[in-house]
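*Asks:* Take a look at the following structure, please.
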Amino acid sequence: MRVIAGQFRGRPLVAPKGRDTRPTSDRVREALFSILAPVAGTRVLDLFAGSGALAIEAVSRGAVAATLVDSSAAAIAAVRANLAALGIDAEVHRQSALAFLESARERARQYDLVFLDPPYRRASALAGPLSAALEPVLAPGARVVTESDRRAPLELGGLTRFDERRYGDTLIRIHHGSR
């Protein structure tokens with residue numbers, strides 16, 4: 001796994017050990033960022049961050065701030081190792097995505113680009129709570145990217161889907177906030 005483009009292009013990234021994390025492949029990240037371009041100047045939130053590859057890719061391409069959230073100690077260790085290796089200053093939180101979204105709402109935090117890549121087996125159960133919790137933290141014009149299994153897509157309510165792509169069993173959806 002590596003950074004695809006931008007300031008840190010070609011630099012290697014580590015993934016958490018074990019089978020609990022499924023890093024977004026280089027091919028899917030490259031295609032996704034081609035669709036999203038440009039991301040320069042954005043404030044990025046990477047929920048279920050895993051290795052942090054999506055937020056790191058955004059920072060490499062010019063995002064001005066990144067917040068990475070995961071509940072797994074192994075994932076947070078990988079995120080911190082990747083950020084340190086690249087010299088990236090970012091916020092890192094070890095907590096559930098829903099708890100983070102609640103605290104972000106209370107602090108009036110807003111993000112321009114949000115990545116949601118929950119464990120595939122939990123996507124259906126998380127769809128409703130994530131949909132409700134996301135809206136207050138989306139800046140005007142924000143985009144939300146979901147990654148899920150094509151057979152059990154993460155269905156977000158309250159957002160307008162404007163693109164959908166399938167890469168093998170991986171389904172990528174890009175939404176706009178309603179504001």
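All residue names refer to the structure tokens as shown: chains lettered A, B, ... in order, residues numbered from 1 in each chain, ligands numbered from 1 in order.
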Compile the contact shell of range 36-38 of chain A as number ranges by chain: residues with an atom at most 12 Å away, counting only C-alpha atoms, same-chain residues fewer than 2 positions apart removed.
*Replies:* A: 5-6, 29-34, 40-42, 54, 57-63, 112-115, 142-145, 162-164, 172-176
*Asks:* Export, as a PDB file, in the first residue's frame, the selected residues with C-alpha atoms.
*Replies:*
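The result, stored in part03.pdb:
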ATOM      1  CA  ALA A   5      -0.314  11.104  -5.836  1.00  0.00           C
ATOM      2  CA  GLY A   6       0.613  14.517  -4.525  1.00  0.00           C
ATOM      3  CA  ARG A  29      -8.120   5.087  -4.085  1.00  0.00           C
ATOM      4  CA  GLU A  30      -6.664   6.248  -7.396  1.00  0.00           C
ATOM      5  CA  ALA A  31     -10.060   6.013  -9.121  1.00  0.00           C
ATOM      6  CA  LEU A  32     -11.852   7.670  -6.196  1.00  0.00           C
ATOM      7  CA  PHE A  33      -9.526  10.674  -6.076  1.00  0.00           C
ATOM      8  CA  SER A  34      -9.813  11.094  -9.838  1.00  0.00           C
ATOM      9  CA  ALA A  40      -7.045  21.047  -2.101  1.00  0.00           C
ATOM     10  CA  GLY A  41      -8.149  23.287   0.763  1.00  0.00           C
ATOM     11  CA  THR A  42     -10.619  20.800   2.235  1.00  0.00           C
ATOM     12  CA  LEU A  54      -7.846   7.922   2.525  1.00  0.00           C
ATOM     13  CA  GLU A  57      -4.124  10.658   0.271  1.00  0.00           C
ATOM     14  CA  ALA A  58      -6.299  13.771   0.641  1.00  0.00           C
ATOM     15  CA  VAL A  59      -3.570  15.596   2.603  1.00  0.00           C
ATOM     16  CA  SER A  60      -0.992  14.576   0.009  1.00  0.00           C
ATOM     17  CA  ARG A  61      -3.240  16.190  -2.606  1.00  0.00           C
ATOM     18  CA  GLY A  62      -3.662  19.448  -0.682  1.00  0.00           C
ATOM     19  CA  ALA A  63      -6.308  19.010   2.021  1.00  0.00           C
ATOM     20  CA  ASP A 112     -15.789  19.389   3.615  1.00  0.00           C
ATOM     21  CA  LEU A 113     -14.970  15.767   2.793  1.00  0.00           C
ATOM     22  CA  VAL A 114     -15.968  12.747   4.894  1.00  0.00           C
ATOM     23  CA  PHE A 115     -14.864   9.159   4.297  1.00  0.00           C
ATOM     24  CA  ALA A 142     -19.588  18.847   1.680  1.00  0.00           C
ATOM     25  CA  ARG A 143     -19.065  15.491   0.022  1.00  0.00           C
ATOM     26  CA  VAL A 144     -19.417  12.136   1.761  1.00  0.00           C
ATOM     27  CA  VAL A 145     -17.734   9.036   0.349  1.00  0.00           C
ATOM     28  CA  PHE A 162     -24.322  11.828  -7.191  1.00  0.00           C
ATOM     29  CA  ASP A 163     -21.953   9.041  -8.173  1.00  0.00           C
ATOM     30  CA  GLU A 164     -21.577   5.311  -7.670  1.00  0.00           C
ATOM     31  CA  ILE A 172     -18.036   3.426  -3.702  1.00  0.00           C
ATOM     32  CA  ARG A 173     -20.775   6.040  -3.400  1.00  0.00           C
ATOM     33  CA  ILE A 174     -20.248   9.783  -3.354  1.00  0.00           C
ATOM     34  CA  HIS A 175     -22.922  11.988  -1.785  1.00  0.00           C
ATOM     35  CA  HIS A 176     -23.518  15.707  -1.357  1.00  0.00           C
TER      36      HIS A 176
END
*Asks:* Write out as number ranges by chain the set of residues from chain A that DSSP, computed on the backbone, places in helix (DSSP H, G or I).
*Replies:* A: 26-36, 53-60, 73-86, 97-106, 120-137
*Asks:* If you keep C-alpha atoms, can you produce a file of those selected residues as a PDB file, in the first residue's frame?
*Replies:*
ATOM      1  CA  ASP A  26      -4.427   1.530  -4.367  1.00  0.00           C
ATOM      2  CA  ARG A  27      -6.544   1.051  -7.506  1.00  0.00           C
ATOM      3  CA  VAL A  28      -9.770   2.078  -5.788  1.00  0.00           C
ATOM      4  CA  ARG A  29      -8.120   5.087  -4.085  1.00  0.00           C
ATOM      5  CA  GLU A  30      -6.664   6.248  -7.396  1.00  0.00           C
ATOM      6  CA  ALA A  31     -10.060   6.013  -9.121  1.00  0.00           C
ATOM      7  CA  LEU A  32     -11.852   7.670  -6.196  1.00  0.00           C
ATOM      8  CA  PHE A  33      -9.526  10.674  -6.076  1.00  0.00           C
ATOM      9  CA  SER A  34      -9.813  11.094  -9.838  1.00  0.00           C
ATOM     10  CA  ILE A  35     -13.570  11.468  -9.338  1.00  0.00           C
ATOM     11  CA  LEU A  36     -13.216  13.746  -6.288  1.00  0.00           C
ATOM     12  CA  ALA A  53      -4.832   5.910   3.720  1.00  0.00           C
ATOM     13  CA  LEU A  54      -7.846   7.922   2.525  1.00  0.00           C
ATOM     14  CA  ALA A  55      -7.162  10.969   4.713  1.00  0.00           C
ATOM     15  CA  ILE A  56      -3.435  10.751   4.005  1.00  0.00           C
ATOM     16  CA  GLU A  57      -4.124  10.658   0.271  1.00  0.00           C
ATOM     17  CA  ALA A  58      -6.299  13.771   0.641  1.00  0.00           C
ATOM     18  CA  VAL A  59      -3.570  15.596   2.603  1.00  0.00           C
ATOM     19  CA  SER A  60      -0.992  14.576   0.009  1.00  0.00           C
ATOM     20  CA  ALA A  73      -6.045   0.219  18.959  1.00  0.00           C
ATOM     21  CA  ALA A  74      -4.251  -1.535  16.072  1.00  0.00           C
ATOM     22  CA  ALA A  75      -5.762   0.880  13.550  1.00  0.00           C
ATOM     23  CA  ILE A  76      -4.816   3.928  15.618  1.00  0.00           C
ATOM     24  CA  ALA A  77      -1.252   2.603  15.948  1.00  0.00           C
ATOM     25  CA  ALA A  78      -1.057   2.217  12.141  1.00  0.00           C
ATOM     26  CA  VAL A  79      -2.531   5.690  11.596  1.00  0.00           C
ATOM     27  CA  ARG A  80      -0.026   7.269  13.989  1.00  0.00           C
ATOM     28  CA  ALA A  81       2.878   5.368  12.370  1.00  0.00           C
ATOM     29  CA  ASN A  82       1.836   6.496   8.882  1.00  0.00           C
ATOM     30  CA  LEU A  83       1.354  10.122   9.920  1.00  0.00           C
ATOM     31  CA  ALA A  84       4.716  10.163  11.723  1.00  0.00           C
ATOM     32  CA  ALA A  85       6.554   8.578   8.780  1.00  0.00           C
ATOM     33  CA  LEU A  86       5.203  11.284   6.477  1.00  0.00           C
ATOM     34  CA  ALA A  97     -17.499   6.974  14.837  1.00  0.00           C
ATOM     35  CA  LEU A  98     -20.860   7.816  16.403  1.00  0.00           C
ATOM     36  CA  ALA A  99     -19.299   9.096  19.638  1.00  0.00           C
ATOM     37  CA  PHE A 100     -16.894  11.241  17.638  1.00  0.00           C
ATOM     38  CA  LEU A 101     -19.712  12.676  15.488  1.00  0.00           C
ATOM     39  CA  GLU A 102     -21.652  13.585  18.634  1.00  0.00           C
ATOM     40  CA  SER A 103     -18.668  15.423  20.135  1.00  0.00           C
ATOM     41  CA  ALA A 104     -17.918  17.132  16.789  1.00  0.00           C
ATOM     42  CA  ARG A 105     -21.530  18.355  16.655  1.00  0.00           C
ATOM     43  CA  GLU A 106     -21.288  19.686  20.214  1.00  0.00           C
ATOM     44  CA  TYR A 120     -18.802  -4.402   5.885  1.00  0.00           C
ATOM     45  CA  ARG A 121     -20.673  -6.647   8.324  1.00  0.00           C
ATOM     46  CA  ARG A 122     -21.832  -3.589  10.335  1.00  0.00           C
ATOM     47  CA  ALA A 123     -22.783  -1.279   7.438  1.00  0.00           C
ATOM     48  CA  SER A 124     -26.528  -1.974   7.543  1.00  0.00           C
ATOM     49  CA  ALA A 125     -26.793  -1.458  11.297  1.00  0.00           C
ATOM     50  CA  LEU A 126     -24.779   1.772  11.162  1.00  0.00           C
ATOM     51  CA  ALA A 127     -26.587   3.374   8.207  1.00  0.00           C
ATOM     52  CA  GLY A 128     -29.397   5.017  10.187  1.00  0.00           C
ATOM     53  CA  PRO A 129     -27.343   6.298  13.115  1.00  0.00           C
ATOM     54  CA  LEU A 130     -24.580   7.569  10.795  1.00  0.00           C
ATOM     55  CA  SER A 131     -27.102   9.349   8.566  1.00  0.00           C
ATOM     56  CA  ALA A 132     -28.563  11.208  11.545  1.00  0.00           C
ATOM     57  CA  ALA A 133     -25.197  12.059  13.103  1.00  0.00           C
ATOM     58  CA  LEU A 134     -23.473  13.234   9.918  1.00  0.00           C
ATOM     59  CA  GLU A 135     -25.645  16.166   8.869  1.00  0.00           C
ATOM     60  CA  PRO A 136     -24.576  18.620  11.630  1.00  0.00           C
ATOM     61  CA  VAL A 137     -20.861  18.153  10.870  1.00  0.00           C
TER      62      VAL A 137
END
*Asks:* Can you check which residues of range 20-173 of chain A DSSP gives as strand (DSSP E) on the backbone and send them as JSON, numbers by chain?
*Replies:* {"A": [43, 44, 45, 46, 47, 65, 66, 67, 68, 69, 70, 91, 92, 93, 94, 111, 112, 113, 114, 115, 116, 138, 139, 140, 141, 142, 143, 144, 145, 146, 147, 148, 149, 160, 161, 162, 163, 164, 165, 166, 167, 170, 171, 172, 173]}
*Asks:* Write out the residues from the selection above, keeping N, CA and C atoms, as a CSV table (one decimal), in the first residue's frame.
*Replies:*
chain,number,residue,atom,x,y,z
A,43,ARG,N,-11.2,20.3,4.5
A,43,ARG,CA,-11.1,19.7,5.9
A,43,ARG,C,-11.7,18.3,5.8
A,44,VAL,N,-10.9,17.3,6.1
A,44,VAL,CA,-11.2,15.9,5.9
A,44,VAL,C,-11.5,15.2,7.2
A,45,LEU,N,-12.5,14.4,7.2
A,45,LEU,CA,-12.8,13.5,8.3
A,45,LEU,C,-12.8,12.1,7.8
A,46,ASP,N,-12.0,11.3,8.4
A,46,ASP,CA,-11.9,9.9,8.0
A,46,ASP,C,-12.4,9.0,9.1
A,47,LEU,N,-13.6,8.6,9.1
A,47,LEU,CA,-14.2,7.7,10.1
A,47,LEU,C,-13.9,6.3,9.7
A,65,ALA,N,-6.6,20.1,6.4
A,65,ALA,CA,-6.7,19.5,7.8
A,65,ALA,C,-7.3,18.1,7.7
A,66,ALA,N,-6.9,17.2,8.6
A,66,ALA,CA,-7.4,15.9,8.6
A,66,ALA,C,-7.7,15.4,10.0
A,67,THR,N,-8.8,14.8,10.2
A,67,THR,CA,-9.2,14.1,11.5
A,67,THR,C,-9.4,12.7,11.2
A,68,LEU,N,-8.8,11.8,11.9
A,68,LEU,CA,-8.9,10.4,11.6
A,68,LEU,C,-9.4,9.7,12.9
A,69,VAL,N,-10.4,8.9,12.7
A,69,VAL,CA,-11.1,8.3,13.9
A,69,VAL,C,-11.2,6.8,13.6
A,70,ASP,N,-10.9,6.0,14.7
A,70,ASP,CA,-11.1,4.5,14.6
A,70,ASP,C,-11.2,4.1,16.1
A,91,GLU,N,-5.3,15.4,13.5
A,91,GLU,CA,-6.0,14.9,14.7
A,91,GLU,C,-6.3,13.4,14.6
A,92,VAL,N,-6.1,12.7,15.7
A,92,VAL,CA,-6.3,11.3,15.7
A,92,VAL,C,-7.1,11.0,17.0
A,93,HIS,N,-8.2,10.3,16.8
A,93,HIS,CA,-9.1,9.9,17.9
A,93,HIS,C,-9.4,8.5,17.9
A,94,ARG,N,-9.2,7.8,19.1
A,94,ARG,CA,-9.6,6.4,19.3
A,94,ARG,C,-10.9,6.4,20.0
A,111,TYR,N,-16.8,19.6,8.3
A,111,TYR,CA,-15.9,19.0,7.4
A,111,TYR,C,-16.4,19.1,6.0
A,112,ASP,N,-15.5,19.3,5.0
A,112,ASP,CA,-15.8,19.4,3.6
A,112,ASP,C,-15.8,18.0,2.9
A,113,LEU,N,-15.1,17.1,3.4
A,113,LEU,CA,-15.0,15.8,2.8
A,113,LEU,C,-14.9,14.7,3.9
A,114,VAL,N,-15.9,13.8,3.9
A,114,VAL,CA,-16.0,12.7,4.9
A,114,VAL,C,-15.9,11.4,4.2
A,115,PHE,N,-15.0,10.5,4.8
A,115,PHE,CA,-14.9,9.2,4.3
A,115,PHE,C,-15.5,8.2,5.3
A,116,LEU,N,-16.4,7.4,4.9
A,116,LEU,CA,-17.0,6.4,5.7
A,116,LEU,C,-16.8,5.0,5.2
A,138,LEU,N,-21.4,18.5,8.5
A,138,LEU,CA,-21.1,18.7,7.1
A,138,LEU,C,-21.1,20.2,6.8
A,139,ALA,N,-20.0,20.7,6.3
A,139,ALA,CA,-19.9,22.1,5.8
A,139,ALA,C,-20.8,22.2,4.6
A,140,PRO,N,-21.2,23.4,4.3
A,140,PRO,CA,-21.9,23.7,3.0
A,140,PRO,C,-21.1,23.1,1.8
A,141,GLY,N,-21.8,22.3,1.0
A,141,GLY,CA,-21.1,21.8,-0.2
A,141,GLY,C,-20.3,20.5,0.1
A,142,ALA,N,-20.4,20.0,1.3
A,142,ALA,CA,-19.6,18.8,1.7
A,142,ALA,C,-19.9,17.6,0.8
A,143,ARG,N,-18.9,16.8,0.7
A,143,ARG,CA,-19.1,15.5,0.0
A,143,ARG,C,-18.8,14.4,1.0
A,144,VAL,N,-19.6,13.3,0.9
A,144,VAL,CA,-19.4,12.1,1.8
A,144,VAL,C,-19.2,10.9,0.9
A,145,VAL,N,-18.1,10.2,1.1
A,145,VAL,CA,-17.7,9.0,0.3
A,145,VAL,C,-18.0,7.8,1.2
A,146,THR,N,-18.7,6.9,0.7
A,146,THR,CA,-18.9,5.6,1.5
A,146,THR,C,-18.3,4.5,0.7
A,147,GLU,N,-17.7,3.5,1.4
A,147,GLU,CA,-17.2,2.3,0.8
A,147,GLU,C,-17.9,1.2,1.5
A,148,SER,N,-18.5,0.2,0.8
A,148,SER,CA,-19.1,-0.9,1.4
A,148,SER,C,-19.1,-2.1,0.4
A,149,ASP,N,-19.6,-3.2,0.8
A,149,ASP,CA,-19.7,-4.4,0.0
A,149,ASP,C,-20.9,-4.1,-1.0
A,160,THR,N,-27.7,13.4,-0.9
A,160,THR,CA,-28.0,13.2,-2.3
A,160,THR,C,-26.8,12.4,-2.9
A,161,ARG,N,-27.1,11.3,-3.4
A,161,ARG,CA,-26.0,10.5,-4.1
A,161,ARG,C,-25.8,11.0,-5.5
A,162,PHE,N,-24.5,11.3,-5.8
A,162,PHE,CA,-24.3,11.8,-7.2
A,162,PHE,C,-23.4,11.0,-8.0
A,163,ASP,N,-22.8,10.0,-7.4
A,163,ASP,CA,-22.0,9.0,-8.2
A,163,ASP,C,-21.9,7.7,-7.4
A,164,GLU,N,-21.7,6.6,-8.2
A,164,GLU,CA,-21.6,5.3,-7.7
A,164,GLU,C,-20.7,4.5,-8.6
A,165,ARG,N,-19.7,3.8,-8.0
A,165,ARG,CA,-18.8,3.0,-8.8
A,165,ARG,C,-18.6,1.7,-8.1
A,166,ARG,N,-18.4,0.6,-8.9
A,166,ARG,CA,-18.2,-0.7,-8.4
A,166,ARG,C,-16.8,-1.2,-8.8
A,167,TYR,N,-16.0,-1.7,-7.9
A,167,TYR,CA,-14.7,-2.2,-8.1
A,167,TYR,C,-14.7,-3.6,-7.5
A,170,THR,N,-16.3,-4.2,-4.1
A,170,THR,CA,-16.4,-2.9,-3.4
A,170,THR,C,-17.3,-1.9,-4.1
A,171,LEU,N,-18.1,-1.3,-3.4
A,171,LEU,CA,-19.0,-0.2,-3.9
A,171,LEU,C,-18.6,1.1,-3.3
A,172,ILE,N,-18.4,2.1,-4.1
A,172,ILE,CA,-18.0,3.4,-3.7
A,172,ILE,C,-19.2,4.3,-4.1
A,173,ARG,N,-19.7,5.1,-3.1
A,173,ARG,CA,-20.8,6.0,-3.4
A,173,ARG,C,-20.3,7.4,-2.9
